[in-house]
file start22.txt (compact mmCIF, C-alpha atoms)
# COMPACT_ATOMS: atom_id res chain seq x y z
CA MET W 9 -83.27 -38.95 -59.14
CA VAL W 10 -79.66 -38.02 -59.75
CA LYS W 11 -78.29 -39.41 -62.99
CA VAL W 12 -74.62 -39.95 -63.78
CA TYR W 13 -73.65 -40.57 -67.40
CA THR W 14 -70.46 -42.59 -67.70
CA ILE W 15 -68.27 -44.77 -69.88
CA THR W 16 -66.62 -47.97 -68.71
CA THR W 17 -62.99 -46.89 -68.42
CA CYS W 18 -63.16 -43.41 -66.95
CA PRO W 19 -61.42 -42.58 -63.69
CA TRP W 20 -63.38 -39.34 -63.30
CA CYS W 21 -66.67 -41.23 -63.54
CA ALA W 22 -65.48 -43.53 -60.77
CA LYS W 23 -64.59 -40.54 -58.62
CA VAL W 24 -68.03 -38.98 -59.03
CA LYS W 25 -69.76 -42.26 -58.17
CA LYS W 26 -67.56 -42.78 -55.12
CA TYR W 27 -68.17 -39.21 -53.97
CA LEU W 28 -71.95 -39.49 -54.32
CA LYS W 29 -71.92 -42.77 -52.43
CA SER W 30 -69.85 -41.21 -49.66
CA LYS W 31 -72.52 -38.49 -49.36
CA ASN W 32 -75.34 -41.03 -49.42
CA VAL W 33 -76.74 -39.57 -52.61
CA ALA W 34 -78.79 -42.15 -54.50
CA PHE W 35 -78.09 -42.04 -58.23
CA GLU W 36 -78.66 -43.92 -61.43
CA GLU W 37 -75.63 -44.69 -63.59
CA LEU W 38 -76.09 -44.65 -67.35
CA ASN W 39 -73.25 -46.01 -69.50
CA ILE W 40 -73.24 -44.15 -72.82
CA GLU W 41 -70.80 -46.64 -74.30
CA THR W 42 -73.27 -49.50 -74.14
CA ASP W 43 -76.65 -47.77 -73.97
CA ASP W 44 -77.68 -45.91 -77.13
CA ALA W 45 -80.66 -44.21 -75.51
CA ALA W 46 -78.46 -42.92 -72.70
CA ARG W 47 -75.97 -41.68 -75.28
CA ASP W 48 -78.66 -39.64 -77.03
CA GLU W 49 -79.88 -38.28 -73.71
CA CYS W 50 -76.38 -37.30 -72.66
CA TYR W 51 -75.81 -35.53 -75.96
CA ARG W 52 -79.12 -33.70 -75.63
CA ILE W 53 -78.17 -32.46 -72.16
CA SER W 54 -74.58 -31.35 -72.79
CA GLY W 55 -74.21 -31.10 -76.56
CA ASP W 56 -71.17 -33.39 -76.44
CA LEU W 57 -70.23 -36.92 -75.51
CA THR W 58 -67.99 -36.17 -72.58
CA VAL W 59 -68.38 -37.86 -69.21
CA PRO W 60 -68.98 -37.88 -66.32
CA ILE W 61 -72.10 -35.77 -66.64
CA THR W 62 -74.15 -35.46 -63.46
CA THR W 63 -77.66 -34.04 -63.60
CA VAL W 64 -80.75 -33.88 -61.41
CA ASN W 65 -83.29 -32.31 -63.72
CA GLY W 66 -81.91 -33.39 -67.09
CA LYS W 67 -81.14 -29.77 -67.91
CA ASP W 68 -78.50 -28.39 -65.59
CA TYR W 69 -75.41 -30.56 -65.38
CA VAL W 70 -71.90 -30.81 -64.00
CA LEU W 71 -69.12 -32.08 -66.26
CA SER W 72 -66.15 -33.91 -64.70
CA PHE W 73 -65.45 -34.51 -61.03
CA ASP W 74 -65.95 -30.99 -59.76
CA LYS W 75 -66.76 -31.20 -56.06
CA GLU W 76 -67.78 -27.56 -55.66
CA LYS W 77 -70.19 -27.61 -58.56
CA LEU W 78 -71.59 -30.99 -57.54
CA ASP W 79 -72.16 -29.73 -53.99
CA ALA W 80 -73.90 -26.63 -55.28
CA MET W 81 -76.16 -28.51 -57.66
CA LEU W 82 -77.04 -31.24 -55.18
CA GLY W 83 -77.28 -28.97 -52.16
CA LEU W 84 -74.59 -30.86 -50.25
CA MET M 13 -49.94 -68.45 -94.99
CA MET M 14 -51.74 -66.23 -92.49
CA GLY M 15 -52.40 -62.68 -93.50
CA VAL M 16 -53.99 -59.66 -91.85
CA TYR M 17 -57.39 -60.59 -93.29
CA ASP M 18 -57.40 -63.95 -91.50
CA PHE M 19 -57.71 -62.39 -88.04
CA LYS M 20 -60.88 -61.98 -86.05
CA VAL M 21 -61.25 -59.23 -83.48
CA GLN M 22 -63.95 -58.09 -81.06
CA ASP M 23 -65.38 -54.60 -81.05
CA ILE M 24 -66.08 -52.69 -77.84
CA ARG M 25 -69.51 -54.29 -77.59
CA GLY M 26 -68.12 -57.79 -77.89
CA VAL M 27 -69.26 -58.33 -81.48
CA GLU M 28 -66.77 -60.34 -83.54
CA HIS M 29 -65.44 -58.88 -86.79
CA GLU M 30 -63.22 -60.39 -89.44
CA LEU M 31 -60.50 -58.13 -90.72
CA SER M 32 -61.39 -59.35 -94.21
CA GLU M 33 -64.21 -56.77 -93.90
CA TYR M 34 -61.49 -54.24 -94.70
CA LYS M 35 -60.09 -55.92 -97.81
CA GLY M 36 -59.05 -53.38 -100.43
CA LYS M 37 -58.64 -50.55 -97.91
CA VAL M 38 -55.45 -48.93 -96.73
CA LEU M 39 -55.29 -49.66 -93.01
CA ILE M 40 -53.56 -48.17 -90.03
CA ILE M 41 -53.69 -50.58 -87.11
CA VAL M 42 -52.76 -48.89 -83.87
CA ASN M 43 -52.66 -49.83 -80.21
CA THR M 44 -54.11 -46.95 -78.27
CA ALA M 45 -54.17 -45.89 -74.65
CA SER M 46 -57.19 -47.13 -72.77
CA LYS M 47 -57.25 -44.26 -70.32
CA CYS M 48 -58.59 -40.86 -71.09
CA GLY M 49 -55.96 -38.26 -70.41
CA PHE M 50 -54.20 -35.98 -72.82
CA THR M 51 -53.60 -38.07 -75.92
CA PRO M 52 -52.68 -35.89 -78.89
CA GLN M 53 -52.15 -38.91 -81.15
CA TYR M 54 -55.88 -39.70 -81.02
CA LYS M 55 -56.55 -36.23 -82.37
CA GLU M 56 -54.06 -36.57 -85.22
CA LEU M 57 -55.29 -40.06 -86.10
CA GLN M 58 -58.81 -38.69 -86.32
CA GLU M 59 -57.58 -35.83 -88.53
CA LEU M 60 -55.82 -38.25 -90.84
CA TYR M 61 -58.88 -40.48 -90.94
CA LEU M 62 -61.29 -37.68 -91.83
CA LYS M 63 -58.93 -36.37 -94.49
CA TYR M 64 -58.47 -39.67 -96.33
CA LYS M 65 -61.37 -41.97 -95.51
CA GLU M 66 -63.13 -41.12 -98.77
CA ARG M 67 -60.01 -42.30 -100.57
CA GLY M 68 -60.02 -45.62 -98.75
CA LEU M 69 -58.14 -45.12 -95.48
CA VAL M 70 -59.46 -46.92 -92.40
CA ILE M 71 -57.89 -46.70 -88.95
CA LEU M 72 -58.43 -49.56 -86.52
CA GLY M 73 -57.78 -48.73 -82.87
CA PHE M 74 -57.01 -51.35 -80.23
CA PRO M 75 -57.04 -49.94 -76.69
CA SER M 76 -54.70 -51.60 -74.25
CA ASN M 77 -53.86 -50.92 -70.62
CA GLN M 78 -50.47 -52.61 -70.68
CA PHE M 79 -48.59 -49.35 -70.42
CA ALA M 80 -48.66 -47.39 -67.19
CA GLU M 81 -48.73 -43.85 -68.47
CA GLN M 82 -49.95 -42.71 -71.79
CA GLU M 83 -47.53 -40.08 -72.95
CA PRO M 84 -44.38 -39.71 -70.92
CA GLY M 85 -43.18 -36.16 -70.91
CA THR M 86 -46.48 -34.54 -71.84
CA ASN M 87 -48.36 -34.04 -68.63
CA ASP M 88 -48.82 -30.32 -69.10
CA GLU M 89 -52.49 -30.57 -69.96
CA VAL M 90 -54.74 -32.69 -67.82
CA GLN M 91 -58.40 -32.86 -68.53
CA LYS M 92 -60.69 -34.22 -65.89
CA PHE M 93 -63.22 -35.86 -68.11
CA CYS M 94 -63.34 -38.56 -70.76
CA ARG M 95 -64.82 -38.35 -74.22
CA LEU M 96 -66.78 -41.28 -75.59
CA ASN M 97 -64.54 -43.31 -77.88
CA TYR M 98 -61.81 -40.73 -77.19
CA GLY M 99 -63.51 -38.41 -79.65
CA VAL M 100 -62.63 -40.55 -82.67
CA THR M 101 -65.03 -41.94 -85.24
CA PHE M 102 -62.87 -44.70 -86.69
CA PRO M 103 -63.46 -48.27 -85.46
CA LEU M 104 -62.29 -49.09 -81.95
CA PHE M 105 -62.00 -52.66 -80.79
CA ALA M 106 -62.16 -54.34 -77.41
CA LYS M 107 -59.50 -53.60 -74.88
CA GLY M 108 -56.83 -56.30 -74.91
CA ASP M 109 -53.16 -57.08 -74.60
CA VAL M 110 -50.80 -56.20 -77.44
CA ARG M 111 -47.51 -57.53 -76.13
CA GLY M 112 -46.14 -60.56 -74.29
CA GLU M 113 -47.60 -64.04 -74.13
CA THR M 114 -51.13 -62.72 -73.72
CA ALA M 115 -50.90 -60.50 -76.81
CA GLN M 116 -53.79 -60.74 -79.24
CA PRO M 117 -52.82 -62.91 -82.25
CA LEU M 118 -53.17 -59.92 -84.58
CA PHE M 119 -50.44 -58.06 -82.73
CA GLN M 120 -48.21 -61.13 -82.58
CA TYR M 121 -48.54 -61.28 -86.36
CA LEU M 122 -47.94 -57.57 -86.93
CA THR M 123 -44.81 -57.45 -84.77
CA ALA M 124 -43.46 -60.58 -86.47
CA GLN M 125 -43.97 -58.89 -89.86
CA LYS M 126 -42.39 -55.58 -88.87
CA GLY M 127 -39.88 -55.57 -86.05
CA PHE M 128 -38.73 -52.78 -83.78
CA GLN M 129 -36.22 -50.48 -85.47
CA GLY M 130 -35.75 -48.01 -82.64
CA PHE M 131 -37.39 -44.74 -81.73
CA ASP M 132 -37.05 -41.52 -83.65
CA GLU M 133 -34.54 -39.79 -81.38
CA THR M 134 -35.47 -36.37 -82.71
CA HIS M 135 -39.01 -36.61 -81.33
CA PRO M 136 -39.23 -34.85 -77.94
CA VAL M 137 -40.93 -37.84 -76.33
CA ALA M 138 -38.17 -40.30 -77.32
CA LYS M 139 -35.91 -39.54 -74.37
CA PRO M 140 -38.54 -39.59 -71.57
CA LEU M 141 -40.13 -42.64 -73.18
CA MET M 142 -36.83 -44.53 -73.19
CA GLU M 143 -36.16 -43.49 -69.60
CA SER M 144 -39.61 -44.57 -68.51
CA LEU M 145 -39.22 -47.94 -70.23
CA LYS M 146 -35.80 -48.55 -68.65
CA LYS M 147 -37.17 -47.66 -65.24
CA ASN M 148 -40.61 -49.26 -65.27
CA PHE M 149 -40.63 -51.91 -67.98
CA PRO M 150 -37.05 -52.98 -68.77
CA GLU M 151 -38.43 -56.32 -69.98
CA TYR M 152 -40.29 -54.47 -72.77
CA LEU M 153 -37.07 -53.23 -74.38
CA PRO M 154 -35.55 -56.26 -76.12
CA GLY M 155 -37.11 -57.80 -79.19
CA ASP M 156 -39.76 -56.72 -81.65
CA SER M 157 -42.69 -56.38 -79.24
CA ILE M 158 -44.87 -53.30 -78.98
CA LYS M 159 -43.01 -50.80 -76.82
CA TRP M 160 -45.72 -48.31 -75.99
CA ASN M 161 -49.13 -46.90 -76.86
CA PHE M 162 -49.61 -45.63 -80.39
CA THR M 163 -47.42 -48.02 -82.32
CA LYS M 164 -48.83 -47.88 -85.84
CA PHE M 165 -48.79 -50.48 -88.59
CA LEU M 166 -49.54 -49.45 -92.14
CA ILE M 167 -51.23 -52.05 -94.34
CA ASN M 168 -51.60 -51.71 -98.10
CA ARG M 169 -54.70 -52.54 -100.16
CA GLU M 170 -53.45 -56.09 -100.68
CA GLY M 171 -53.14 -56.73 -96.95
CA ALA M 172 -49.36 -56.56 -96.73
CA VAL M 173 -47.81 -54.92 -93.65
CA VAL M 174 -45.63 -52.28 -95.28
CA ALA M 175 -44.43 -50.18 -92.37
CA ARG M 176 -44.30 -49.83 -88.61
CA PHE M 177 -44.19 -46.46 -86.91
CA GLU M 178 -43.21 -46.13 -83.29
CA PRO M 179 -44.96 -43.81 -80.80
CA THR M 180 -42.25 -41.29 -81.68
CA THR M 181 -43.73 -40.82 -85.15
CA THR M 182 -46.89 -38.75 -84.97
CA PRO M 183 -49.83 -39.76 -87.19
CA LEU M 184 -49.53 -36.60 -89.30
CA ALA M 185 -45.86 -37.41 -89.95
CA MET M 186 -47.08 -40.64 -91.59
CA GLU M 187 -49.16 -38.76 -94.15
CA GLY M 188 -46.64 -39.13 -96.99
CA GLU M 189 -46.40 -42.89 -96.53
CA VAL M 190 -50.18 -43.20 -96.35
CA LEU M 191 -50.60 -41.18 -99.53
CA LYS M 192 -48.29 -43.51 -101.45
CA LEU M 193 -50.75 -46.35 -100.81
CA LEU M 194 -54.00 -44.50 -101.50
call {"tool": "encode", "arguments": {"input": "start22.txt", "output": "structure tokens"}}
result
Amino acid sequence: MVKVYTITTCPWCAKVKKYLKSKNVAFEELNIETDDAARDECYRISGDLTVPITTVNGKDYVLSFDKEKLDAMLGL
Amino acid sequence: MMGVYDFKVQDIRGVEHELSEYKGKVLIIVNTASKCGFTPQYKELQELYLKYKERGLVILGFPSNQFAEQEPGTNDEVQKFCRLNYGVTFPLFAKGDVRGETAQPLFQYLTAQKGFQGFDETHPVAKPLMESLKKNFPEYLPGDSIKWNFTKFLINREGAVVARFEPTTTPLAMEGEVLKLL
């Protein structure tokens, strides 16, 4: 399952979500502003608290709305 | 008479706090940008906070989306991600209005205590900020209301509002005034 770590007011998070939807990629959104467990997870993955972070395996991730990197990671 | 400590505010999780929690501290109350672009004042506020929090400084940030752009004239660096809580560790409160009829009572009080005295014309952002206000928000110009993001109010340990700094005064330029109260 693709996971997208977000915060509430983040235009780049919205772009990633919209892009994934447009490609019919199912994903789970985790808001690190309101969900402490998700915040810890996000920090463990990227070593920072920046969003959006998109990951498939919880190890490799793409920071920000970077179409090329997202395509490569998700095989789009 | 109402004072700063009589106000209640909500944090970003919706939990209510009384400002009397901060009695005896030196406070900087600031309306911040709610978007996540290039906002150097966040960085300087955080610097100031880390430097003086042991001595009793607390910064209280109130994000607002009442202003279209965050920093007119400084669009040279655009990052395409957001940092949780804008990378600051001082308290941030719920997003809300800071000017006009819908302004949070705290900001109505603060602007009544310390009115608008003009921008610091020597700051590079003063001119583009004034131009942007004239063009986009002419109704924001008259009166004592908050003019833009990062208007800062300095509160002494007794709760008195001692100074107001416009967006054209950077947080680090306030250091001397802060030190006088610590």
call {"tool": "interface_residues", "arguments": {"input": "start22.txt", "of": "chain W", "to": "chain M", "cutoff": "6 Å", "atoms": "only C-alpha atoms", "output": "PyMOL selection string"}}
result
chain W and resi 20+57-59+72
call {"tool": "residues_around", "arguments": {"input": "start22.txt", "residues": "range 62-64 of chain M", "least_positions_apart": "4", "cutoff": "12 Å", "atoms": "all atoms listed in the file", "output": "PDB file with C-alpha atoms, keeping the file's coordinate frame"}}
result
ATOM      1  CA  LYS M  37     -58.640 -50.550 -97.910  1.00  0.00           C
ATOM      2  CA  VAL M  38     -55.450 -48.930 -96.730  1.00  0.00           C
ATOM      3  CA  LEU M  39     -55.290 -49.660 -93.010  1.00  0.00           C
ATOM      4  CA  ILE M  40     -53.560 -48.170 -90.030  1.00  0.00           C
ATOM      5  CA  LYS M  55     -56.550 -36.230 -82.370  1.00  0.00           C
ATOM      6  CA  GLU M  56     -54.060 -36.570 -85.220  1.00  0.00           C
ATOM      7  CA  LEU M  57     -55.290 -40.060 -86.100  1.00  0.00           C
ATOM      8  CA  GLN M  58     -58.810 -38.690 -86.320  1.00  0.00           C
ATOM      9  CA  GLY M  68     -60.020 -45.620 -98.750  1.00  0.00           C
ATOM     10  CA  LEU M  69     -58.140 -45.120 -95.480  1.00  0.00           C
ATOM     11  CA  VAL M  70     -59.460 -46.920 -92.400  1.00  0.00           C
ATOM     12  CA  ILE M  71     -57.890 -46.700 -88.950  1.00  0.00           C
ATOM     13  CA  VAL M 100     -62.630 -40.550 -82.670  1.00  0.00           C
ATOM     14  CA  THR M 101     -65.030 -41.940 -85.240  1.00  0.00           C
ATOM     15  CA  PHE M 102     -62.870 -44.700 -86.690  1.00  0.00           C
ATOM     16  CA  LEU M 184     -49.530 -36.600 -89.300  1.00  0.00           C
ATOM     17  CA  GLU M 187     -49.160 -38.760 -94.150  1.00  0.00           C
ATOM     18  CA  GLY M 188     -46.640 -39.130 -96.990  1.00  0.00           C
ATOM     19  CA  VAL M 190     -50.180 -43.200 -96.350  1.00  0.00           C
ATOM     20  CA  LEU M 191     -50.600 -41.180 -99.530  1.00  0.00           C
ATOM     21  CA  LEU M 193     -50.750 -46.350-100.810  1.00  0.00           C
ATOM     22  CA  LEU M 194     -54.000 -44.500-101.500  1.00  0.00           C
TER      23      LEU M 194
END
call {"tool": "atom_distance", "arguments": {"input": "start22.txt", "atom1": "CA of Gly127 in chain M", "atom2": "CA of Leu166 in chain M"}}
result
13.0 Å
call {"tool": "atom_distance", "arguments": {"input": "start22.txt", "atom1": "CA of Gly26 in chain M", "atom2": "CA of Gln120 in chain M"}}
result
20.7 Å
call {"tool": "residues_around", "arguments": {"input": "start22.txt", "residues": "Val64 in chain W", "least_positions_apart": "4", "cutoff": "12 Å", "atoms": "only C-alpha atoms", "output": "VMD selection string"}}
result
chain W and resid 9 to 13 33 to 36 53 68 to 70 78 80 to 83
call {"tool": "residues_near_point", "arguments": {"input": "start22.txt", "point": "(-65.3, -37.6, -57.6)", "cutoff": "10 Å", "atoms": "all atoms listed in the file", "output": "MDAnalysis selection string"}}
result
chainID W and resid 19:30 60 72:75 78
call {"tool": "atom_distance", "arguments": {"input": "start22.txt", "atom1": "CA of Leu71 in chain W", "atom2": "CA of Glu59 in chain M"}}
result
25.4 Å
call {"tool": "closest_residue", "arguments": {"input": "start22.txt", "among": "M:Lys164, M:Lys126, M:Arg169, M:Lys192", "to": "Tyr54 in chain M", "atoms": "only C-alpha atoms"}}
result
M:Lys164
call {"tool": "residues_around", "arguments": {"input": "start22.txt", "residues": "Arg111 in chain M", "least_positions_apart": "2", "cutoff": "9 Å", "atoms": "only C-alpha atoms", "output": "JSON, numbers by chain"}}
result
{"M": [78, 109, 113, 114, 115, 116, 119, 120, 152, 157, 158, 159]}
call {"tool": "closest_residue", "arguments": {"input": "start22.txt", "among": "M:Asp132, M:Asp23, M:Glu189, M:Glu28", "to": "Gly73 in chain M", "atoms": "all atoms listed in the file"}}
result
M:Asp23
